[in-house]
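Undergrad: I have a structure here, written as structure tokens, and I will follow up with some questions on it.
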Amino acid sequence: MIGENGTMYYLSNSKVCTHIHCGKAALFAAETCARHLEDTSAWREEIHRRVRSGESLQGANLENANLKGMALPMAKLEEANLAGADLEGADLEAAHLTRVVAPGANFKGANLRGAQCGLALLGAAVLDEAVCDGADFRRANFVGTSARNASFRECDFYYSRPGAADFSGADLSEANIQRAIFRAANLRGAKLETARGSANFERATRG
Ligand SMILES: [Zn+2]
């Protein structure tokens with residue numbers, strides 16, 4: 001696939017969806033893409049079983065997958081493709097999401113406490129009301145991301161890029177925002193009083 005910055009990603013799962021004329025990559029542990037998956041609940045159970053057993057899903061293709069509300073604490077998802085995936089309300093506590101490719105993914109209300117999200121591509125993703133306390137977001141891309149009323153207490157945003165993001169009402173208490181780029185971001189009502197480091201707030205909306 002081609003990422004939002006034009007980078008090519010070579011995924012470990014190179015199977016193609018078996019649905020006629022589809023041509024999209026097959027989901028990890030499936031024969032089809034998410035759209036053509038016939039038994040989503042059986043597939044979800046398989047993913048749950050693998051994560052629970054400690055299997056690594058590094059680089060897995062989970063594009064547009066329905067992972068809503070699933071318990072996936074400590075899941076090993078480094079470099080996985082979660083573009084457009086639905087993770088609303090999912091439990092991803094202490095999950096390994098380094099370099100994950102998740103533009104447009106839905107993490108609304110998800111538990112990301114202590115998650116490792118360095119270099120994650122979260123552009124245009126939804127993190128509204130997500131609880132991410134203590135998570136590592138160093139060098140993560142949040143361009144155009146919506147994280148309204150999310151909890152980012154004690155998170156590390158070193159050199160992250162929340163440009164044009166909506167962090168209104170978000171709690172960044174004790175977070176490290178050194179070199180973070182909040183250019184044109186909406187920070188209305190965001191708690192930044194105890195955040196540490198100097199960030200770029202050019203054209204950001206504050207107050
Ligand atoms: Zn398909």
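A note on labels: chains of the structure tokens are A, B, ... as shown, every chain counts residues from 1, and ligands are counted from 1 in their shown order.
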Grab me every residue within 7 Å of ligand 1, counting only C-alpha atoms and all ligand atoms, and send it over as a list in words.
TA: Cys17, Thr18, His19, Cys22, Gly23, Lys24, Ala26, Thr32, Cys33, Ala34, Arg35 and His36 of chain A
Undergrad: Just N, CA and C atoms for this one: save the residues we selected as a PDB file, in the first residue's frame.
TA:
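Result file out09.pdb:
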```pdb
ATOM      1  N   CYS A  17      -7.438 -10.922  -1.884  1.00  0.00           N
ATOM      2  CA  CYS A  17      -8.833 -11.299  -1.600  1.00  0.00           C
ATOM      3  C   CYS A  17      -9.345 -12.260  -2.663  1.00  0.00           C
ATOM      4  N   THR A  18      -9.971 -13.360  -2.231  1.00  0.00           N
ATOM      5  CA  THR A  18     -10.448 -14.377  -3.178  1.00  0.00           C
ATOM      6  C   THR A  18     -11.774 -14.000  -3.839  1.00  0.00           C
ATOM      7  N   HIS A  19     -12.387 -12.909  -3.404  1.00  0.00           N
ATOM      8  CA  HIS A  19     -13.651 -12.484  -4.020  1.00  0.00           C
ATOM      9  C   HIS A  19     -13.391 -12.042  -5.459  1.00  0.00           C
ATOM     10  N   CYS A  22     -12.003  -8.513  -6.942  1.00  0.00           N
ATOM     11  CA  CYS A  22     -11.714  -7.564  -5.848  1.00  0.00           C
ATOM     12  C   CYS A  22     -10.292  -7.005  -5.984  1.00  0.00           C
ATOM     13  N   GLY A  23      -9.306  -7.885  -5.854  1.00  0.00           N
ATOM     14  CA  GLY A  23      -7.916  -7.439  -6.019  1.00  0.00           C
ATOM     15  C   GLY A  23      -7.287  -6.782  -4.809  1.00  0.00           C
ATOM     16  N   LYS A  24      -8.079  -6.548  -3.753  1.00  0.00           N
ATOM     17  CA  LYS A  24      -7.494  -5.952  -2.544  1.00  0.00           C
ATOM     18  C   LYS A  24      -6.717  -7.020  -1.773  1.00  0.00           C
ATOM     19  N   ALA A  26      -5.799  -9.512   1.112  1.00  0.00           N
ATOM     20  CA  ALA A  26      -6.624 -10.255   2.079  1.00  0.00           C
ATOM     21  C   ALA A  26      -6.247  -9.832   3.491  1.00  0.00           C
ATOM     22  N   THR A  32     -10.169 -13.219   2.466  1.00  0.00           N
ATOM     23  CA  THR A  32     -10.745 -12.066   1.770  1.00  0.00           C
ATOM     24  C   THR A  32     -10.345 -10.764   2.472  1.00  0.00           C
ATOM     25  N   CYS A  33     -10.684  -9.661   1.825  1.00  0.00           N
ATOM     26  CA  CYS A  33     -10.539  -8.350   2.460  1.00  0.00           C
ATOM     27  C   CYS A  33     -11.670  -8.185   3.476  1.00  0.00           C
ATOM     28  N   ALA A  34     -11.630  -7.111   4.259  1.00  0.00           N
ATOM     29  CA  ALA A  34     -12.661  -6.906   5.298  1.00  0.00           C
ATOM     30  C   ALA A  34     -14.054  -6.809   4.702  1.00  0.00           C
ATOM     31  N   ARG A  35     -14.174  -6.154   3.568  1.00  0.00           N
ATOM     32  CA  ARG A  35     -15.492  -5.942   2.952  1.00  0.00           C
ATOM     33  C   ARG A  35     -16.135  -7.260   2.520  1.00  0.00           C
ATOM     34  N   HIS A  36     -15.311  -8.212   2.078  1.00  0.00           N
ATOM     35  CA  HIS A  36     -15.855  -9.474   1.574  1.00  0.00           C
ATOM     36  C   HIS A  36     -15.798 -10.613   2.589  1.00  0.00           C
TER      37      HIS A  36
END
```
Undergrad: For stretch 157-170 of chain A, find every residue with an atom within 6 Å (counting only C-alpha atoms), except residues of its own chain fewer than 6 positions away, and show them as an mmCIF file with N, CA and C atoms, in the first residue's frame.
TA:
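Written output follows (selection_33.cif):
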```cif
data_model
loop_
_atom_site.group_PDB
_atom_site.id
_atom_site.type_symbol
_atom_site.label_atom_id
_atom_site.label_comp_id
_atom_site.auth_asym_id
_atom_site.auth_seq_id
_atom_site.Cartn_x
_atom_site.Cartn_y
_atom_site.Cartn_z
ATOM 1 N N PHE A 137 3.835 8.495 22.156
ATOM 2 C CA PHE A 137 3.449 8.928 20.808
ATOM 3 C C PHE A 137 4.610 9.679 20.154
ATOM 4 N N ARG A 138 5.862 9.366 20.529
ATOM 5 C CA ARG A 138 6.990 10.098 19.963
ATOM 6 C C ARG A 138 7.020 9.983 18.439
ATOM 7 N N ARG A 139 7.132 11.147 17.799
ATOM 8 C CA ARG A 139 7.208 11.252 16.332
ATOM 9 C C ARG A 139 5.973 10.693 15.621
ATOM 10 N N ALA A 140 4.857 10.585 16.332
ATOM 11 C CA ALA A 140 3.630 10.093 15.684
ATOM 12 C C ALA A 140 2.997 11.202 14.850
ATOM 13 N N ASN A 141 2.292 10.817 13.811
ATOM 14 C CA ASN A 141 1.602 11.750 12.926
ATOM 15 C C ASN A 141 0.118 11.796 13.295
ATOM 16 N N PHE A 142 -0.347 12.996 13.710
ATOM 17 C CA PHE A 142 -1.755 13.204 14.076
ATOM 18 C C PHE A 142 -2.389 14.259 13.171
ATOM 19 N N VAL A 143 -1.887 14.429 11.964
ATOM 20 C CA VAL A 143 -2.391 15.510 11.117
ATOM 21 C C VAL A 143 -3.881 15.289 10.804
ATOM 22 N N GLY A 144 -4.697 16.254 11.211
ATOM 23 C CA GLY A 144 -6.132 16.171 10.973
ATOM 24 C C GLY A 144 -6.868 15.190 11.878
ATOM 25 N N THR A 145 -6.190 14.703 12.900
ATOM 26 C CA THR A 145 -6.796 13.726 13.811
ATOM 27 C C THR A 145 -7.782 14.406 14.756
ATOM 28 N N SER A 146 -8.859 13.711 15.084
ATOM 29 C CA SER A 146 -9.812 14.213 16.066
ATOM 30 C C SER A 146 -9.595 13.479 17.382
ATOM 31 N N ALA A 147 -9.222 14.212 18.421
ATOM 32 C CA ALA A 147 -8.983 13.603 19.739
ATOM 33 C C ALA A 147 -9.691 14.442 20.805
ATOM 34 N N ARG A 148 -10.948 14.758 20.534
ATOM 35 C CA ARG A 148 -11.714 15.594 21.464
ATOM 36 C C ARG A 148 -11.933 14.885 22.792
ATOM 37 N N ASN A 149 -11.628 15.613 23.868
ATOM 38 C CA ASN A 149 -11.831 15.100 25.232
ATOM 39 C C ASN A 149 -11.067 13.805 25.507
ATOM 40 N N ALA A 150 -10.011 13.570 24.745
ATOM 41 C CA ALA A 150 -9.175 12.386 25.015
ATOM 42 C C ALA A 150 -8.291 12.658 26.216
ATOM 43 N N SER A 151 -7.866 11.606 26.893
ATOM 44 C CA SER A 151 -6.973 11.753 28.041
ATOM 45 C C SER A 151 -5.569 11.318 27.645
ATOM 46 N N ASN A 176 4.774 15.282 27.810
ATOM 47 C CA ASN A 176 5.963 15.880 27.195
ATOM 48 C C ASN A 176 5.584 16.328 25.784
ATOM 49 N N ILE A 177 5.601 17.659 25.543
ATOM 50 C CA ILE A 177 5.230 18.153 24.211
ATOM 51 C C ILE A 177 6.437 18.804 23.518
ATOM 52 N N GLN A 178 7.636 18.490 23.995
ATOM 53 C CA GLN A 178 8.847 19.051 23.390
ATOM 54 C C GLN A 178 8.876 18.794 21.877
ATOM 55 N N ARG A 179 8.999 19.887 21.107
ATOM 56 C CA ARG A 179 9.089 19.858 19.639
ATOM 57 C C ARG A 179 7.829 19.359 18.924
ATOM 58 N N ALA A 180 6.724 19.200 19.653
ATOM 59 C CA ALA A 180 5.473 18.796 18.984
ATOM 60 C C ALA A 180 4.970 19.960 18.127
ATOM 61 N N ILE A 181 4.346 19.661 17.008
ATOM 62 C CA ILE A 181 3.901 20.696 16.074
ATOM 63 C C ILE A 181 2.375 20.755 16.058
ATOM 64 N N PHE A 182 1.820 21.690 16.884
ATOM 65 C CA PHE A 182 0.371 21.858 16.992
ATOM 66 C C PHE A 182 -0.110 22.943 16.024
ATOM 67 N N ARG A 183 0.543 23.075 14.892
ATOM 68 C CA ARG A 183 0.216 24.147 13.948
ATOM 69 C C ARG A 183 -1.250 24.040 13.483
ATOM 70 N N ALA A 184 -1.993 25.131 13.677
ATOM 71 C CA ALA A 184 -3.402 25.220 13.262
ATOM 72 C C ALA A 184 -4.294 24.196 13.960
ATOM 73 N N ALA A 185 -3.841 23.690 15.096
ATOM 74 C CA ALA A 185 -4.660 22.716 15.838
ATOM 75 C C ALA A 185 -5.717 23.431 16.667
ATOM 76 N N ASN A 186 -6.803 22.741 16.965
ATOM 77 C CA ASN A 186 -7.836 23.254 17.863
ATOM 78 C C ASN A 186 -7.541 22.734 19.269
ATOM 79 N N LEU A 187 -7.122 23.648 20.158
ATOM 80 C CA LEU A 187 -6.759 23.257 21.529
ATOM 81 C C LEU A 187 -7.689 23.936 22.531
ATOM 82 N N ARG A 188 -8.905 24.294 22.065
ATOM 83 C CA ARG A 188 -9.853 24.969 22.954
ATOM 84 C C ARG A 188 -10.200 24.048 24.139
ATOM 85 N N GLY A 189 -9.977 24.552 25.335
ATOM 86 C CA GLY A 189 -10.326 23.775 26.529
ATOM 87 C C GLY A 189 -9.348 22.652 26.843
ATOM 88 N N ALA A 190 -8.264 22.540 26.063
ATOM 89 C CA ALA A 190 -7.278 21.478 26.339
ATOM 90 C C ALA A 190 -6.467 21.843 27.576
#
```
Undergrad: Which residues of stretch 62-145 of chain A come within 8 Å of stretch 48-56 of chain A, and for each one, what is the closest pair of atoms and their distance in Å to one decimal, counting only C-alpha atoms, sorted by chain and residue number, as a Markdown table?
TA:
```
| residue | atom | partner | partner_atom | distance |
| --- | --- | --- | --- | --- |
| A:Met70 | CA | A:His48 | CA | 7.6 |
| A:Ala71 | CA | A:His48 | CA | 7.4 |
| A:Leu72 | CA | A:Val51 | CA | 6.5 |
| A:Ala75 | CA | A:Val51 | CA | 5.6 |
| A:Lys76 | CA | A:Ser56 | CA | 5.0 |
| A:Leu77 | CA | A:Ser56 | CA | 6.9 |
```
Undergrad: Store the residues picked out above, limited to C-alpha atoms, as a tab-separated table (two decimals), in the first residue's frame.
TA:
```tsv
chain	number	residue	atom	x	y	z
A	70	MET	CA	-12.33	-6.13	21.33
A	71	ALA	CA	-10.06	-6.93	24.28
A	72	LEU	CA	-6.56	-6.77	22.78
A	75	ALA	CA	-1.33	-6.92	21.34
A	76	LYS	CA	1.80	-6.99	19.19
A	77	LEU	CA	0.73	-4.86	16.24
```
Undergrad: If DSSP is run on the backbone, what residues of stretch 15-207 of chain A are strand (DSSP E or B)? A reply as number ranges by chain would be ideal.
TA: A: 16, 25, 56, 61, 66, 71, 76, 81, 86, 91, 96, 101, 106, 111, 116, 121, 126, 131, 136, 141, 146, 151, 156, 161, 166, 171, 176, 181, 186, 191, 196, 200, 205
Undergrad: Give me the residues within 9 Å of A:Ala94 as a list in words, counting only C-alpha atoms and dropping any in the same chain fewer than 4 places off.
TA: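 After dropping sequence-adjacent residues, the list is Pro73, Met74, Ala75, Leu112, Arg113, Gly114, Ala115, Gln116 and Ala135 of chain A.
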Undergrad: Suppose we keep C-alpha atoms; can you now write the selection as a PDB file, in the first residue's frame?
TA:
```pdb
ATOM      1  CA  PRO A  73      -4.325  -5.684  25.680  1.00  0.00           C
ATOM      2  CA  MET A  74      -0.600  -5.993  24.986  1.00  0.00           C
ATOM      3  CA  ALA A  75      -1.328  -6.916  21.344  1.00  0.00           C
ATOM      4  CA  LEU A 112      -4.618   3.004  24.974  1.00  0.00           C
ATOM      5  CA  ARG A 113      -3.078   3.388  28.441  1.00  0.00           C
ATOM      6  CA  GLY A 114       0.665   2.761  28.264  1.00  0.00           C
ATOM      7  CA  ALA A 115       0.518   1.852  24.566  1.00  0.00           C
ATOM      8  CA  GLN A 116       3.688   2.121  22.464  1.00  0.00           C
ATOM      9  CA  ALA A 135       1.291   6.216  26.103  1.00  0.00           C
TER      10      ALA A 135
END
```
Undergrad: Quick check, in Å to one decimal: how far apart do atom CA of A:Ala30 and atom CA of A:Gly109 lie?
TA: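 That distance, rounded to one decimal, is 27.1 Å.
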Undergrad: Give me, as an MDAnalysis selection string, all polymer residues having an atom no more than 10 Å from A:Ala175, counting only C-alpha atoms and skipping those fewer than 4 positions away in the same chain.
TA: chainID A and resid 133:136 152:158 171 191:197
Undergrad: Would you mind exporting the chosen residues as a PDB file, in the first residue's frame, restricted to N, CA and C atoms?
TA:
```pdb
ATOM      1  N   ASP A 133      -3.448   7.500  28.755  1.00  0.00           N
ATOM      2  CA  ASP A 133      -2.496   7.945  29.779  1.00  0.00           C
ATOM      3  C   ASP A 133      -1.211   7.126  29.762  1.00  0.00           C
ATOM      4  N   GLY A 134      -0.073   7.837  29.747  1.00  0.00           N
ATOM      5  CA  GLY A 134       1.228   7.171  29.796  1.00  0.00           C
ATOM      6  C   GLY A 134       1.682   6.574  28.472  1.00  0.00           C
ATOM      7  N   ALA A 135       0.913   6.802  27.394  1.00  0.00           N
ATOM      8  CA  ALA A 135       1.291   6.216  26.103  1.00  0.00           C
ATOM      9  C   ALA A 135       2.451   6.981  25.467  1.00  0.00           C
ATOM     10  N   ASP A 136       3.192   6.288  24.636  1.00  0.00           N
ATOM     11  CA  ASP A 136       4.326   6.865  23.917  1.00  0.00           C
ATOM     12  C   ASP A 136       3.900   7.183  22.489  1.00  0.00           C
ATOM     13  N   PHE A 152      -4.651  12.305  27.653  1.00  0.00           N
ATOM     14  CA  PHE A 152      -3.251  12.056  27.267  1.00  0.00           C
ATOM     15  C   PHE A 152      -2.321  12.372  28.438  1.00  0.00           C
ATOM     16  N   ARG A 153      -2.772  12.103  29.659  1.00  0.00           N
ATOM     17  CA  ARG A 153      -1.951  12.436  30.830  1.00  0.00           C
ATOM     18  C   ARG A 153      -0.632  11.660  30.792  1.00  0.00           C
ATOM     19  N   GLU A 154       0.464  12.411  31.021  1.00  0.00           N
ATOM     20  CA  GLU A 154       1.802  11.815  31.081  1.00  0.00           C
ATOM     21  C   GLU A 154       2.221  11.101  29.794  1.00  0.00           C
ATOM     22  N   CYS A 155       1.616  11.484  28.669  1.00  0.00           N
ATOM     23  CA  CYS A 155       2.014  10.886  27.381  1.00  0.00           C
ATOM     24  C   CYS A 155       3.291  11.577  26.879  1.00  0.00           C
ATOM     25  N   ASP A 156       4.007  10.905  26.003  1.00  0.00           N
ATOM     26  CA  ASP A 156       5.190  11.479  25.384  1.00  0.00           C
ATOM     27  C   ASP A 156       4.884  11.832  23.932  1.00  0.00           C
ATOM     28  N   PHE A 157       4.770  13.151  23.647  1.00  0.00           N
ATOM     29  CA  PHE A 157       4.461  13.630  22.293  1.00  0.00           C
ATOM     30  C   PHE A 157       5.709  14.216  21.632  1.00  0.00           C
ATOM     31  N   TYR A 158       6.895  13.820  22.079  1.00  0.00           N
ATOM     32  CA  TYR A 158       8.130  14.393  21.528  1.00  0.00           C
ATOM     33  C   TYR A 158       8.143  14.317  19.997  1.00  0.00           C
ATOM     34  N   ASP A 171      -6.888  16.240  27.716  1.00  0.00           N
ATOM     35  CA  ASP A 171      -6.094  16.430  28.939  1.00  0.00           C
ATOM     36  C   ASP A 171      -4.647  16.003  28.680  1.00  0.00           C
ATOM     37  N   LYS A 191      -6.152  20.839  28.381  1.00  0.00           N
ATOM     38  CA  LYS A 191      -5.356  21.074  29.596  1.00  0.00           C
ATOM     39  C   LYS A 191      -3.877  20.914  29.261  1.00  0.00           C
ATOM     40  N   LEU A 192      -3.211  22.079  29.133  1.00  0.00           N
ATOM     41  CA  LEU A 192      -1.789  22.090  28.772  1.00  0.00           C
ATOM     42  C   LEU A 192      -0.944  22.755  29.851  1.00  0.00           C
ATOM     43  N   GLU A 193      -1.577  23.184  30.953  1.00  0.00           N
ATOM     44  CA  GLU A 193      -0.890  23.978  31.981  1.00  0.00           C
ATOM     45  C   GLU A 193       0.337  23.261  32.541  1.00  0.00           C
ATOM     46  N   THR A 194       0.261  21.956  32.701  1.00  0.00           N
ATOM     47  CA  THR A 194       1.384  21.233  33.312  1.00  0.00           C
ATOM     48  C   THR A 194       2.167  20.401  32.300  1.00  0.00           C
ATOM     49  N   ALA A 195       1.865  20.615  30.975  1.00  0.00           N
ATOM     50  CA  ALA A 195       2.637  19.909  29.947  1.00  0.00           C
ATOM     51  C   ALA A 195       4.061  20.463  29.939  1.00  0.00           C
ATOM     52  N   ARG A 196       5.012  19.628  29.615  1.00  0.00           N
ATOM     53  CA  ARG A 196       6.427  20.011  29.652  1.00  0.00           C
ATOM     54  C   ARG A 196       7.006  20.166  28.246  1.00  0.00           C
ATOM     55  N   GLY A 197       7.972  21.073  28.114  1.00  0.00           N
ATOM     56  CA  GLY A 197       8.666  21.240  26.846  1.00  0.00           C
ATOM     57  C   GLY A 197       8.089  22.370  26.024  1.00  0.00           C
TER      58      GLY A 197
END
```
Undergrad: Go ahead and compute the interatomic distance for atom CA of A:Glu31 and atom CA of A:Gly69, in Å to one decimal.
TA: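 So the two atoms, atom CA of A:Glu31 and atom CA of A:Gly69, lie 23.1 Å apart.
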Undergrad: For a test of reading the model, state the distance in Å between atom CA of A:Ala85 and atom CA of A:Glu129, rounded to one decimal.
TA: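 Between atom CA of A:Ala85 and atom CA of A:Glu129 the gap is 17.2 Å.
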Undergrad: Compile the contact shell of A:Phe107 as a list in words: residues with an atom at most 7 Å away, counting only C-alpha atoms, same-chain residues fewer than 6 positions apart removed.
TA: Asp86, Leu87, Glu88, Gly89, Val126, Leu127 and Ala130 of chain A
Undergrad: Just asking: which residues within stretch 41-143 of chain A are helix (DSSP H, G or I) according to DSSP, as an NGL selection string?
TA: :A and (41-52)
Undergrad: Can you tell me which residues surround A:Phe28 at a distance of at most 10 Å, considering only C-alpha atoms, apart from same-chain residues fewer than 2 positions away, and format the answer as a list in words?
TA: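 Those residues are Ser12, Asn13, Ser14, Lys15, Ala25, Ala26, Ala30, Glu31, Thr32, Cys33, Ala34, Trp43, Ile47, Leu57, Gly59, Ala60, Asn61, Leu62, Glu63, Ala65, Ala80 and Asn81 of chain A.
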Undergrad: Using only C-alpha atoms for the distances, tell me which of A:Leu67, A:Val16, A:Glu78, A:Asp39 is nearest to A:Thr98.
TA: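 Closest residue, counting only C-alpha atoms: A:Glu78.
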